[in-house]
Amino acid sequence: MRTAIIFSIALLTFLTVSCAKKEILFTLVSADHPCTIVVNLDKFDNAEQAAAAYQSINWQDGNKQEDNACRQAFAALELQQYMIRLLKLSAAEIKIVDQAHVPLNGNLIFIGLPSDDQLKSIARTAVQYWRKNKQPSAQSFRIDSFNAGERNGLILSGKSSIGALYAVYELLQRWGVRWFLPEDEGDYVPHLNKIEVYNVHEFLDPSMEFRGFWMDAKRTNDQTDLQFIQWLGRNRINVYRSNGADIAALKLRGIMLNTGRRDLTAAQLTAQMPYPYNHPRMANNPNLPTDPYMISEQFHGDTNNNGFLEYGEAHPEWFVVHVDTTGSSPLQNLYSSICLSQSDAVKELSRLLTAEFISGQYQENDILDLWAPDEWCTCEKCSKLGNPADKMLYLLYIVGNTLKEARKSGGLHRPVYLFGYGQSAEHDAPTIDLPGNFNWDFTRVFLSTWPRCYHHHIINSDCVNINLWFIKELLGWLAPKSKFRGNLGIMENYNADAFHSLPTIYSEITSIDIPAYHELGIRGMSFMHARIHDLGVDALLNYQFSQMTWNTEIQLDTLSQSFIRFAYPGVAEVMAAFYENLEKSMSTLTTWTHYLPLRAPILLKAMRTDPENRRIHYNEQFDWRRSAEEPLFNELWENGYFYIFEARDLLNMAMAETLSPPVSRRLQELDNQLRYAELMINTYDNIISFFTSGPEEEDIRLEAMYRLRENRRNLLSFSAPNSLNGVSNGLEDCGIKGLIDNLLLDYADALDKLDAEEN
């Protein structure tokens, strides 16, 4: 039976702990009790017309009145269509009317506060309820019941129209509706005979202020279809990318758009870009604005003789690492090539970024993403700016205040959030006091957890080599005496680059991690490289992330069991075991798909110079902080190898059953992902077997290379239609093609000899 939630009775009653005046129990809607949805339609004739205007509305002009009418009409239509399905009623029995035409009697659902003269007392009471809630956000909402003579009903009011839309989805979820999958048959709608209401007065706010899917716009430009956008909105994900998506459809659902570029500053300001000002020493273009900056002492004109002045020629000091204090070379054409101690360089970068949000390519975006570079400028002056976290915050301070001034002057008509993303170098807490005018209201810092272990949850004293280091550094940011006084977020890498499109599922880990983050004070989470097509196991991961970031108190069993029962009716028990085994198998990915490839060049060099030595050793716990010359490998690898075969048996068992087309298609998506995982595990197993064999085990090494050659052929022929790395076959996607090719090259003669003997 297709069901995700079992209702023991058709009667659904709301309970409350409020001290409101006594109300009567009433039937809100049933076959005998029609219900009217009331919404402020402003200038529009009907809800359909108002909602359809989302494509023509200018969501950036600051005109909230038109935005609100459109979004609240959309909320009314969402509520109407699901009430029709819930109760098997017609649109005539659940009408939508403007606030100017409220019925004199009957049951009502207001989206927004009532404005009817006869309901002024009800509206005043609702406003009083709002006053009890301190510092509500734009996403906050209330659900309040009322009895007013011949009229009874609910008021779904939000701090903004986004909050009102969220109130609709909250109400529908409480009535049993679920949006599991972004597909035609991806939602669950139970059948109810009637809905009764009694004394409801609740205020709600999401656990996480920002709940986002972060995809690199430069890495992938996959189109986001409307079904996935609908799924995002109904599950209240509120941060997404703008490229490859219907921007108006995202705005309608209150989803904020980020820039989605890790190299955003390099795209705005590099040494090779044309200098946009009329330089005093090269006043050959009066159409350019006057140069606002002092002439550089290092200026030597058009040094490359290409006919125009470049930034790097006008101001070489902006892009040069003067003194290399780390032993690394200056980086070219990268974000990190900007010298932060050059205030004019930072000012120009801030100006360019702000201009893009005013009238450039990001004029529809809501979030400016600034990623910390792989390496900051190491000149003497920059070294005095503090540690990497201090440098990141300094840049956020300058850019944030430039955005703030643009908003104040009227050039920017909407609030723009500034998100700073710290990588491993920025994990150490800042050491320098921040200015009093730091734009805390619209600045957030997200710390990337990478590299992390997904075999352990984030706060686990057993994970002494990986996760423990991150959590210690995170606590430094959150400490009472921390220099950082803003809101902190977490960037999780469930589909990290190093996982090479493998089917990652971390239900148990995320069910512990996300509430733990919230308990520590984290109020924003981003899921990096979320999959949006051919989801497979990612369907559950996406759903769980959306639900747990909205409400961190929800239980894992409630989420995973209901999802699996819905997605795989008839084989739910088998599929629950499949997911459990796959999660165990993939839990050690960081060990073998990240750290081992990092050491590949050293392993190859050691093998060629000292072939008689064993290059990988076993220990009880993988130690990533040991020297690269002495890699250790986790014995949990063998468990992963076992669990992947258990998962295969279970999936084969499920696929042998006669199932509906949607279920069969979902199983096929899993089969494609699992085949790739099997190929990858076999490939790595042969590489590990090779490097862990001693000098007396050359026959084992040769056998491993023989199998590795077959692995290479299989990976090359495996199609990767939904690669998160934008490649076409498994060999390109695996992340170790170079290592495979080099090993097989070294053993080419031995393999040819073996082939000859077999023939």
# chains A, B, ... in the order shown; residues from 1 in each chain; ligands from 1
call {"tool": "select_by_dssp", "arguments": {"residues": "stretch 401-450 of chain A", "states": "strand (DSSP E)", "output": "MDAnalysis selection string"}}
result
chainID A and resid 417:422 443:448
call {"tool": "residues_around", "arguments": {"residues": "A:Gln173", "least_positions_apart": "4", "cutoff": "12 Å", "atoms": "only C-alpha atoms", "output": "MDAnalysis selection string"}}
result
chainID A and resid 5 12 79 82:83 86 166:169 177:180 187:190 234:236 547
call {"tool": "write_last_selection", "arguments": {"atoms": "C-alpha atoms", "output": "PDB file, in the first residue's frame"}}
result
ATOM      1  CA  ILE A   5       2.216   8.135   7.176  1.00  0.00           C
ATOM      2  CA  LEU A  12      -7.013  15.765  12.831  1.00  0.00           C
ATOM      3  CA  LEU A  79      -3.216  25.475   0.026  1.00  0.00           C
ATOM      4  CA  TYR A  82      -3.745  20.236  -1.522  1.00  0.00           C
ATOM      5  CA  MET A  83      -6.952  20.708   0.480  1.00  0.00           C
ATOM      6  CA  LEU A  86      -6.758  15.816   0.998  1.00  0.00           C
ATOM      7  CA  TYR A 166       5.865  28.817   5.095  1.00  0.00           C
ATOM      8  CA  ALA A 167       2.794  28.784   7.342  1.00  0.00           C
ATOM      9  CA  VAL A 168       0.823  27.150   4.506  1.00  0.00           C
ATOM     10  CA  TYR A 169       3.436  24.422   4.086  1.00  0.00           C
ATOM     11  CA  VAL A 177       1.280  16.009   3.240  1.00  0.00           C
ATOM     12  CA  ARG A 178       4.895  15.212   2.362  1.00  0.00           C
ATOM     13  CA  TRP A 179       7.079  16.246  -0.585  1.00  0.00           C
ATOM     14  CA  PHE A 180       9.569  13.406  -0.779  1.00  0.00           C
ATOM     15  CA  ASP A 187       4.400  13.796  -2.991  1.00  0.00           C
ATOM     16  CA  TYR A 188       2.268  11.975  -0.457  1.00  0.00           C
ATOM     17  CA  VAL A 189      -1.276  13.204   0.247  1.00  0.00           C
ATOM     18  CA  PRO A 190      -3.418  11.192   2.689  1.00  0.00           C
ATOM     19  CA  ARG A 234       7.730  23.153  -0.382  1.00  0.00           C
ATOM     20  CA  ASN A 235      10.537  21.741   1.749  1.00  0.00           C
ATOM     21  CA  ARG A 236      11.547  25.327   2.616  1.00  0.00           C
ATOM     22  CA  GLN A 547      13.756  18.629   6.995  1.00  0.00           C
TER      23      GLN A 547
END
call {"tool": "closest_atom_pairs", "arguments": {"of": "stretch 547-584 of chain A", "to": "stretch 674-698 of chain A", "cutoff": "12 Å", "atoms": "only C-alpha atoms", "output": "tab-separated table"}}
result
residue	atom	partner	partner_atom	distance
A:Phe578	CA	A:Leu674	CA	10.7
A:Tyr579	CA	A:Leu674	CA	11.1
A:Asn581	CA	A:Leu674	CA	11.7
A:Leu582	CA	A:Leu674	CA	8.8
A:Glu583	CA	A:Leu674	CA	11.8
call {"tool": "write_last_selection", "arguments": {"atoms": "N, CA, C and O atoms", "output": "PDB file, in the first residue's frame"}}
result
ATOM      1  N   PHE A 578      19.276  -2.039   2.456  1.00  0.00           N
ATOM      2  CA  PHE A 578      20.189  -1.586   1.410  1.00  0.00           C
ATOM      3  C   PHE A 578      20.838  -0.257   1.799  1.00  0.00           C
ATOM      4  O   PHE A 578      22.061  -0.101   1.714  1.00  0.00           O
ATOM      5  N   TYR A 579      20.019   0.710   2.193  1.00  0.00           N
ATOM      6  CA  TYR A 579      20.556   2.015   2.564  1.00  0.00           C
ATOM      7  C   TYR A 579      21.506   1.910   3.751  1.00  0.00           C
ATOM      8  O   TYR A 579      22.536   2.590   3.805  1.00  0.00           O
ATOM      9  N   ASN A 581      23.426  -0.657   4.609  1.00  0.00           N
ATOM     10  CA  ASN A 581      24.700  -1.239   4.177  1.00  0.00           C
ATOM     11  C   ASN A 581      25.493  -0.279   3.303  1.00  0.00           C
ATOM     12  O   ASN A 581      26.718  -0.190   3.425  1.00  0.00           O
ATOM     13  N   LEU A 582      24.810   0.444   2.437  1.00  0.00           N
ATOM     14  CA  LEU A 582      25.516   1.402   1.584  1.00  0.00           C
ATOM     15  C   LEU A 582      26.135   2.512   2.424  1.00  0.00           C
ATOM     16  O   LEU A 582      27.270   2.941   2.168  1.00  0.00           O
ATOM     17  N   GLU A 583      25.418   2.969   3.436  1.00  0.00           N
ATOM     18  CA  GLU A 583      25.963   4.021   4.298  1.00  0.00           C
ATOM     19  C   GLU A 583      27.224   3.537   5.013  1.00  0.00           C
ATOM     20  O   GLU A 583      28.213   4.270   5.113  1.00  0.00           O
TER      21      GLU A 583
END
call {"tool": "residues_around", "arguments": {"residues": "A:Gln81", "least_positions_apart": "2", "cutoff": "12 Å", "atoms": "only C-alpha atoms", "output": "number ranges by chain"}}
result
A: 37, 74-79, 83-96, 168, 172, 177, 189
call {"tool": "write_last_selection", "arguments": {"atoms": "C-alpha atoms", "output": "mmCIF file, in the first residue's frame"}}
result
data_model
loop_
_atom_site.group_PDB
_atom_site.id
_atom_site.type_symbol
_atom_site.label_atom_id
_atom_site.label_comp_id
_atom_site.auth_asym_id
_atom_site.auth_seq_id
_atom_site.Cartn_x
_atom_site.Cartn_y
_atom_site.Cartn_z
ATOM 1 C CA ILE A 37 -9.335 30.997 1.707
ATOM 2 C CA PHE A 74 0.516 31.627 -4.735
ATOM 3 C CA ALA A 75 0.345 30.402 -1.127
ATOM 4 C CA ALA A 76 -3.466 30.394 -1.358
ATOM 5 C CA LEU A 77 -3.377 28.310 -4.540
ATOM 6 C CA GLU A 78 -0.920 25.853 -2.979
ATOM 7 C CA LEU A 79 -3.216 25.475 0.026
ATOM 8 C CA MET A 83 -6.952 20.708 0.480
ATOM 9 C CA ILE A 84 -8.843 19.536 -2.598
ATOM 10 C CA ARG A 85 -6.679 16.422 -2.760
ATOM 11 C CA LEU A 86 -6.758 15.816 0.998
ATOM 12 C CA LEU A 87 -10.551 15.888 1.270
ATOM 13 C CA LYS A 88 -11.540 14.916 -2.280
ATOM 14 C CA LEU A 89 -13.422 18.184 -2.704
ATOM 15 C CA SER A 90 -13.864 20.588 -5.594
ATOM 16 C CA ALA A 91 -12.522 24.116 -6.080
ATOM 17 C CA ALA A 92 -16.080 25.383 -5.585
ATOM 18 C CA GLU A 93 -16.003 23.987 -2.044
ATOM 19 C CA ILE A 94 -12.661 25.634 -1.239
ATOM 20 C CA LYS A 95 -12.835 29.070 -2.828
ATOM 21 C CA ILE A 96 -10.189 31.791 -2.809
ATOM 22 C CA VAL A 168 0.823 27.150 4.506
ATOM 23 C CA LEU A 172 -0.154 20.992 5.090
ATOM 24 C CA VAL A 177 1.280 16.009 3.240
ATOM 25 C CA VAL A 189 -1.276 13.204 0.247
#
call {"tool": "residues_around", "arguments": {"residues": "stretch 520-533 of chain A", "least_positions_apart": "2", "cutoff": "7 Å", "atoms": "only C-alpha atoms", "output": "ChimeraX atom specification"}}
result
/A:207-215,487-495,516-518,535,538
call {"tool": "residues_around", "arguments": {"residues": "stretch 396-399 of chain A", "least_positions_apart": "4", "cutoff": "12 Å", "atoms": "only C-alpha atoms", "output": "MDAnalysis selection string"}}
result
chainID A and resid 265 340 343:355 368:372 389:392 403:406 416:422 433:445 486
call {"tool": "write_last_selection", "arguments": {"atoms": "N, CA and C atoms", "output": "compact mmCIF listing (two decimals), in the first residue's frame"}}
result
# COMPACT_ATOMS: atom_id res chain seq x y z
N THR A 265 36.05 36.69 -6.99
CA THR A 265 36.93 37.85 -7.04
C THR A 265 37.86 37.81 -8.24
N LEU A 340 45.93 42.22 0.33
CA LEU A 340 44.94 42.85 1.21
C LEU A 340 45.47 44.11 1.88
N SER A 343 44.97 48.97 0.40
CA SER A 343 43.57 49.35 0.65
C SER A 343 42.84 49.74 -0.63
N ASP A 344 43.54 50.33 -1.58
CA ASP A 344 42.89 50.71 -2.83
C ASP A 344 42.46 49.47 -3.62
N ALA A 345 43.25 48.41 -3.55
CA ALA A 345 42.90 47.17 -4.25
C ALA A 345 41.62 46.59 -3.67
N VAL A 346 41.52 46.56 -2.35
CA VAL A 346 40.32 46.02 -1.70
C VAL A 346 39.13 46.93 -1.99
N LYS A 347 39.36 48.24 -2.01
CA LYS A 347 38.30 49.19 -2.31
C LYS A 347 37.77 48.99 -3.73
N GLU A 348 38.69 48.79 -4.68
CA GLU A 348 38.29 48.59 -6.07
C GLU A 348 37.53 47.28 -6.23
N LEU A 349 37.99 46.23 -5.57
CA LEU A 349 37.28 44.95 -5.61
C LEU A 349 35.86 45.12 -5.07
N SER A 350 35.74 45.81 -3.95
CA SER A 350 34.42 46.03 -3.34
C SER A 350 33.52 46.80 -4.28
N ARG A 351 34.08 47.81 -4.93
CA ARG A 351 33.28 48.62 -5.87
C ARG A 351 32.79 47.76 -7.03
N LEU A 352 33.67 46.94 -7.58
CA LEU A 352 33.30 46.10 -8.70
C LEU A 352 32.21 45.10 -8.33
N LEU A 353 32.35 44.48 -7.17
CA LEU A 353 31.36 43.51 -6.72
C LEU A 353 30.01 44.18 -6.49
N THR A 354 30.02 45.33 -5.84
CA THR A 354 28.76 46.04 -5.58
C THR A 354 28.09 46.46 -6.88
N ALA A 355 28.87 46.90 -7.85
CA ALA A 355 28.32 47.31 -9.14
C ALA A 355 27.61 46.16 -9.82
N LEU A 368 26.08 37.44 -1.85
CA LEU A 368 27.41 37.53 -2.46
C LEU A 368 28.32 36.54 -1.74
N ASP A 369 28.79 35.54 -2.47
CA ASP A 369 29.66 34.51 -1.90
C ASP A 369 31.12 34.92 -2.05
N LEU A 370 31.81 35.02 -0.93
CA LEU A 370 33.25 35.29 -0.96
C LEU A 370 33.98 34.12 -0.29
N TRP A 371 34.69 33.37 -1.09
CA TRP A 371 35.45 32.23 -0.58
C TRP A 371 36.86 32.66 -0.21
N ALA A 372 37.32 32.17 0.92
CA ALA A 372 38.73 32.37 1.26
C ALA A 372 39.58 31.64 0.23
N ALA A 389 41.74 33.74 9.21
CA ALA A 389 40.38 34.15 9.58
C ALA A 389 40.28 35.66 9.71
N ASP A 390 41.29 36.29 10.29
CA ASP A 390 41.31 37.76 10.39
C ASP A 390 41.28 38.40 9.01
N LYS A 391 42.04 37.84 8.09
CA LYS A 391 42.10 38.39 6.73
C LYS A 391 40.75 38.26 6.03
N MET A 392 40.11 37.10 6.21
CA MET A 392 38.80 36.91 5.61
C MET A 392 37.79 37.91 6.16
N LEU A 403 28.56 47.54 0.33
CA LEU A 403 27.17 47.18 0.04
C LEU A 403 26.19 48.00 0.88
N LYS A 404 26.54 48.18 2.14
CA LYS A 404 25.68 48.94 3.05
C LYS A 404 25.53 50.38 2.58
N GLU A 405 26.63 50.99 2.15
CA GLU A 405 26.59 52.37 1.66
C GLU A 405 25.78 52.48 0.37
N ALA A 406 25.89 51.48 -0.49
CA ALA A 406 25.11 51.49 -1.73
C ALA A 406 23.62 51.39 -1.43
N VAL A 416 21.37 42.81 0.51
CA VAL A 416 22.24 41.76 -0.04
C VAL A 416 23.06 41.19 1.11
N TYR A 417 22.97 39.88 1.29
CA TYR A 417 23.77 39.21 2.30
C TYR A 417 25.16 38.92 1.75
N LEU A 418 26.13 38.98 2.63
CA LEU A 418 27.52 38.68 2.28
C LEU A 418 27.92 37.43 3.06
N PHE A 419 28.18 36.35 2.34
CA PHE A 419 28.58 35.09 2.96
C PHE A 419 30.07 34.88 2.73
N GLY A 420 30.83 34.75 3.80
CA GLY A 420 32.24 34.41 3.71
C GLY A 420 32.42 32.93 4.00
N TYR A 421 33.17 32.24 3.16
CA TYR A 421 33.38 30.80 3.31
C TYR A 421 34.83 30.53 3.68
N GLY A 422 35.03 30.02 4.88
CA GLY A 422 36.37 29.71 5.35
C GLY A 422 36.72 28.26 5.11
N ASP A 433 40.36 42.26 17.09
CA ASP A 433 39.05 42.87 17.31
C ASP A 433 38.52 43.47 16.02
N LEU A 434 37.22 43.30 15.79
CA LEU A 434 36.61 43.82 14.58
C LEU A 434 36.03 45.20 14.83
N PRO A 435 35.97 46.05 13.79
CA PRO A 435 35.46 47.42 13.96
C PRO A 435 34.01 47.44 14.45
N GLY A 436 33.65 48.50 15.12
CA GLY A 436 32.30 48.63 15.65
C GLY A 436 31.24 48.74 14.58
N ASN A 437 31.62 49.20 13.39
CA ASN A 437 30.63 49.35 12.32
C ASN A 437 30.64 48.17 11.35
N PHE A 438 31.12 47.02 11.80
CA PHE A 438 31.06 45.81 10.99
C PHE A 438 29.59 45.51 10.69
N ASN A 439 29.30 45.16 9.45
CA ASN A 439 27.91 44.95 9.02
C ASN A 439 27.42 43.56 9.42
N TRP A 440 27.21 43.38 10.73
CA TRP A 440 26.83 42.07 11.25
C TRP A 440 25.46 41.62 10.74
N ASP A 441 24.54 42.55 10.52
CA ASP A 441 23.17 42.18 10.15
C ASP A 441 23.12 41.39 8.85
N PHE A 442 24.01 41.72 7.93
CA PHE A 442 23.95 41.08 6.62
C PHE A 442 25.23 40.34 6.25
N THR A 443 26.02 39.98 7.23
CA THR A 443 27.24 39.21 6.98
C THR A 443 27.19 37.90 7.77
N ARG A 444 27.51 36.82 7.11
CA ARG A 444 27.58 35.52 7.75
C ARG A 444 28.89 34.84 7.35
N VAL A 445 29.42 34.04 8.25
CA VAL A 445 30.62 33.25 7.97
C VAL A 445 30.25 31.77 8.01
N GLY A 486 29.40 37.47 15.25
CA GLY A 486 28.30 37.32 14.30
C GLY A 486 27.71 35.92 14.31
call {"tool": "select_by_dssp", "arguments": {"residues": "stretch 357-532 of chain A", "states": "alpha helix (DSSP H)", "output": "PyMOL selection string"}}
result
chain A and resi 357-359+380-383+388-409+467-478+507-520
call {"tool": "closest_residue", "arguments": {"among": "A:Asn639, A:Asn672, A:Asn729, A:Ser511", "to": "A:Val537", "atoms": "only C-alpha atoms"}}
result
A:Asn672
call {"tool": "residues_around", "arguments": {"residues": "A:Trp477", "least_positions_apart": "5", "cutoff": "9 Å", "atoms": "only C-alpha atoms", "output": "list in words"}}
result
His427, Asp428, Ala429, Pro430, Ser482, Lys483, Phe484, Arg485 and Leu488 of chain A
call {"tool": "closest_residue", "arguments": {"among": "A:Pro103, A:Pro597, A:Pro515, A:Pro136", "to": "A:His500", "atoms": "only C-alpha atoms"}}
result
A:Pro597
call {"tool": "closest_residue", "arguments": {"among": "A:Gln544, A:Asn287, A:Asn193, A:Asn68", "to": "A:Lys159", "atoms": "only C-alpha atoms"}}
result
A:Asn68
call {"tool": "closest_residue", "arguments": {"among": "A:Gly158, A:His279, A:Glu703, A:Glu317", "to": "A:Gly301", "atoms": "only C-alpha atoms"}}
result
A:His279
call {"tool": "atom_distance", "arguments": {"atom1": "atom CA of A:Asp263", "atom2": "atom CA of A:Gln230"}}
result
29.2 Å
